[in-house]
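Novice: The structure under discussion is supplied below as structure tokens; questions concerning it will follow.
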Amino acid sequence: MSAKPPFPDIVYPVQISPNVLSEKQGLQGQLDYRLVKFALLRDYRSGKLLQRDICDAHPELMRAAKNVGRPTSEDCPICQDTKLVHVSFAFGHRLPPGGRCITTMQELKELSISSHPISCYVVEVCVTCSWNHLIRLLPLGKLS
Ligand SMILES: [Zn+2]
């Protein structure tokens, strides 16, 4: 995933999205990484980053994106030739060390009522150029 800042001297802010703070959705504390994405894209377009620096999806992420990625209506910001897909991975108690790919809303609902804290990472992926970026972190299960 390309979520880590490539230049330590540049601040990549994280934004908390106000529309997900509703208790009805059960998504309190969700972190939104769109500002980080905009900073990466700015650096790519200015030449500070090469395409290979940001289009580096791991083969397992690409496999998940191709097979179980949730389609979006958003064009890839790099190749602009393919619609992005979202892939979700959950990490936490009794989940594999490499995380579990979440493929259904039912799985997400089950994790959200876990008695242990679970972190669900939502990544956008382009299956054509391998652009990938963490867009959201959802704390699920019992928080604390
Ligand atoms: Zn692309």
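In the structure tokens, the first chain shown is A, the next is B, and so on; residue numbers restart at 1 for each chain, and ligands run from 1 in the order shown.
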Please tabulate, as JSON lines, the residues of chain A that come within 8 Å of ligand 1, each with its closest pair of atoms and the distance in Å to one decimal, counting only C-alpha atoms and all ligand atoms and ordering rows by chain, then residue number upward.

Specialist:
{"residue": "A:Cys55", "atom": "CA", "partner": "ligand 1", "partner_atom_place_in_ligand_line": "1 (Zn)", "distance": 7.9}
{"residue": "A:Asp75", "atom": "CA", "partner": "ligand 1", "partner_atom_place_in_ligand_line": "1 (Zn)", "distance": 7.8}
{"residue": "A:Cys76", "atom": "CA", "partner": "ligand 1", "partner_atom_place_in_ligand_line": "1 (Zn)", "distance": 4.6}
{"residue": "A:Pro77", "atom": "CA", "partner": "ligand 1", "partner_atom_place_in_ligand_line": "1 (Zn)", "distance": 6.6}
{"residue": "A:Ile78", "atom": "CA", "partner": "ligand 1", "partner_atom_place_in_ligand_line": "1 (Zn)", "distance": 5.1}
{"residue": "A:Cys79", "atom": "CA", "partner": "ligand 1", "partner_atom_place_in_ligand_line": "1 (Zn)", "distance": 4.0}
{"residue": "A:Gln80", "atom": "CA", "partner": "ligand 1", "partner_atom_place_in_ligand_line": "1 (Zn)", "distance": 5.9}
{"residue": "A:Asp81", "atom": "CA", "partner": "ligand 1", "partner_atom_place_in_ligand_line": "1 (Zn)", "distance": 6.3}
{"residue": "A:Thr82", "atom": "CA", "partner": "ligand 1", "partner_atom_place_in_ligand_line": "1 (Zn)", "distance": 5.8}
{"residue": "A:Lys83", "atom": "CA", "partner": "ligand 1", "partner_atom_place_in_ligand_line": "1 (Zn)", "distance": 7.9}
{"residue": "A:Leu84", "atom": "CA", "partner": "ligand 1", "partner_atom_place_in_ligand_line": "1 (Zn)", "distance": 7.6}
{"residue": "A:Val125", "atom": "CA", "partner": "ligand 1", "partner_atom_place_in_ligand_line": "1 (Zn)", "distance": 7.8}
{"residue": "A:Cys126", "atom": "CA", "partner": "ligand 1", "partner_atom_place_in_ligand_line": "1 (Zn)", "distance": 4.6}
{"residue": "A:Val127", "atom": "CA", "partner": "ligand 1", "partner_atom_place_in_ligand_line": "1 (Zn)", "distance": 6.7}
{"residue": "A:Thr128", "atom": "CA", "partner": "ligand 1", "partner_atom_place_in_ligand_line": "1 (Zn)", "distance": 5.1}
{"residue": "A:Cys129", "atom": "CA", "partner": "ligand 1", "partner_atom_place_in_ligand_line": "1 (Zn)", "distance": 4.1}
{"residue": "A:Ser130", "atom": "CA", "partner": "ligand 1", "partner_atom_place_in_ligand_line": "1 (Zn)", "distance": 6.1}
{"residue": "A:Trp131", "atom": "CA", "partner": "ligand 1", "partner_atom_place_in_ligand_line": "1 (Zn)", "distance": 5.5}

Novice: Identify, on the basis of only C-alpha atoms, every residue whose closest approach to segment 92-95 of chain A does not exceed 7 Å; exclude the query and any residue fewer than 2 positions from it along the same chain; express the result as number ranges by chain.

Specialist: A: 90, 97, 99-100, 116-119

Novice: Do you have, as a tab-separated table, the list of residues of segment 92-143 of chain A lying at most 6 Å from segment 27-49 of chain A, each with its nearest atom pair and that distance in Å to one decimal, counting only C-alpha atoms and ordered by chain then number?

Specialist:
residue	atom	partner	partner_atom	distance
A:Ile135	CA	A:Tyr33	CA	4.8
A:Arg136	CA	A:Asp32	CA	4.8
A:Leu137	CA	A:Leu31	CA	5.1
A:Leu138	CA	A:Gln30	CA	4.7

Novice: Can you tell me how far atom CA of Asp56 of chain A sits from atom CA of Cys120 of chain A, in Å to one decimal?

Specialist: 20.6 Å

Novice: Among segment 33-93 of chain A, which ones does DSSP assign to strand (DSSP E) (computed from the backbone)? Answer as a PDB file with C-alpha atoms, in the first residue's frame.

Specialist:
ATOM      1  CA  ARG A  70     -15.979  -3.578  -4.957  1.00  0.00           C
ATOM      2  CA  PRO A  71     -16.443  -1.519  -8.131  1.00  0.00           C
ATOM      3  CA  THR A  72     -16.551   2.264  -7.842  1.00  0.00           C
ATOM      4  CA  SER A  73     -17.468   4.998 -10.299  1.00  0.00           C
ATOM      5  CA  GLU A  74     -14.138   6.765  -9.746  1.00  0.00           C
ATOM      6  CA  ASP A  75     -11.500   6.773 -12.487  1.00  0.00           C
ATOM      7  CA  LYS A  83     -12.519   2.464 -12.662  1.00  0.00           C
ATOM      8  CA  LEU A  84     -11.046   1.949  -9.215  1.00  0.00           C
ATOM      9  CA  VAL A  85     -12.133  -0.901  -6.967  1.00  0.00           C
ATOM     10  CA  HIS A  86     -12.134  -0.981  -3.182  1.00  0.00           C
ATOM     11  CA  VAL A  87     -10.613  -3.858  -1.247  1.00  0.00           C
ATOM     12  CA  SER A  88     -11.071  -4.224   2.511  1.00  0.00           C
ATOM     13  CA  PHE A  89      -8.775  -6.079   4.894  1.00  0.00           C
ATOM     14  CA  ALA A  90      -9.476  -6.678   8.567  1.00  0.00           C
ATOM     15  CA  PHE A  91      -6.793  -7.131  11.209  1.00  0.00           C
ATOM     16  CA  GLY A  92      -7.275  -8.070  14.813  1.00  0.00           C
TER      17      GLY A  92
END
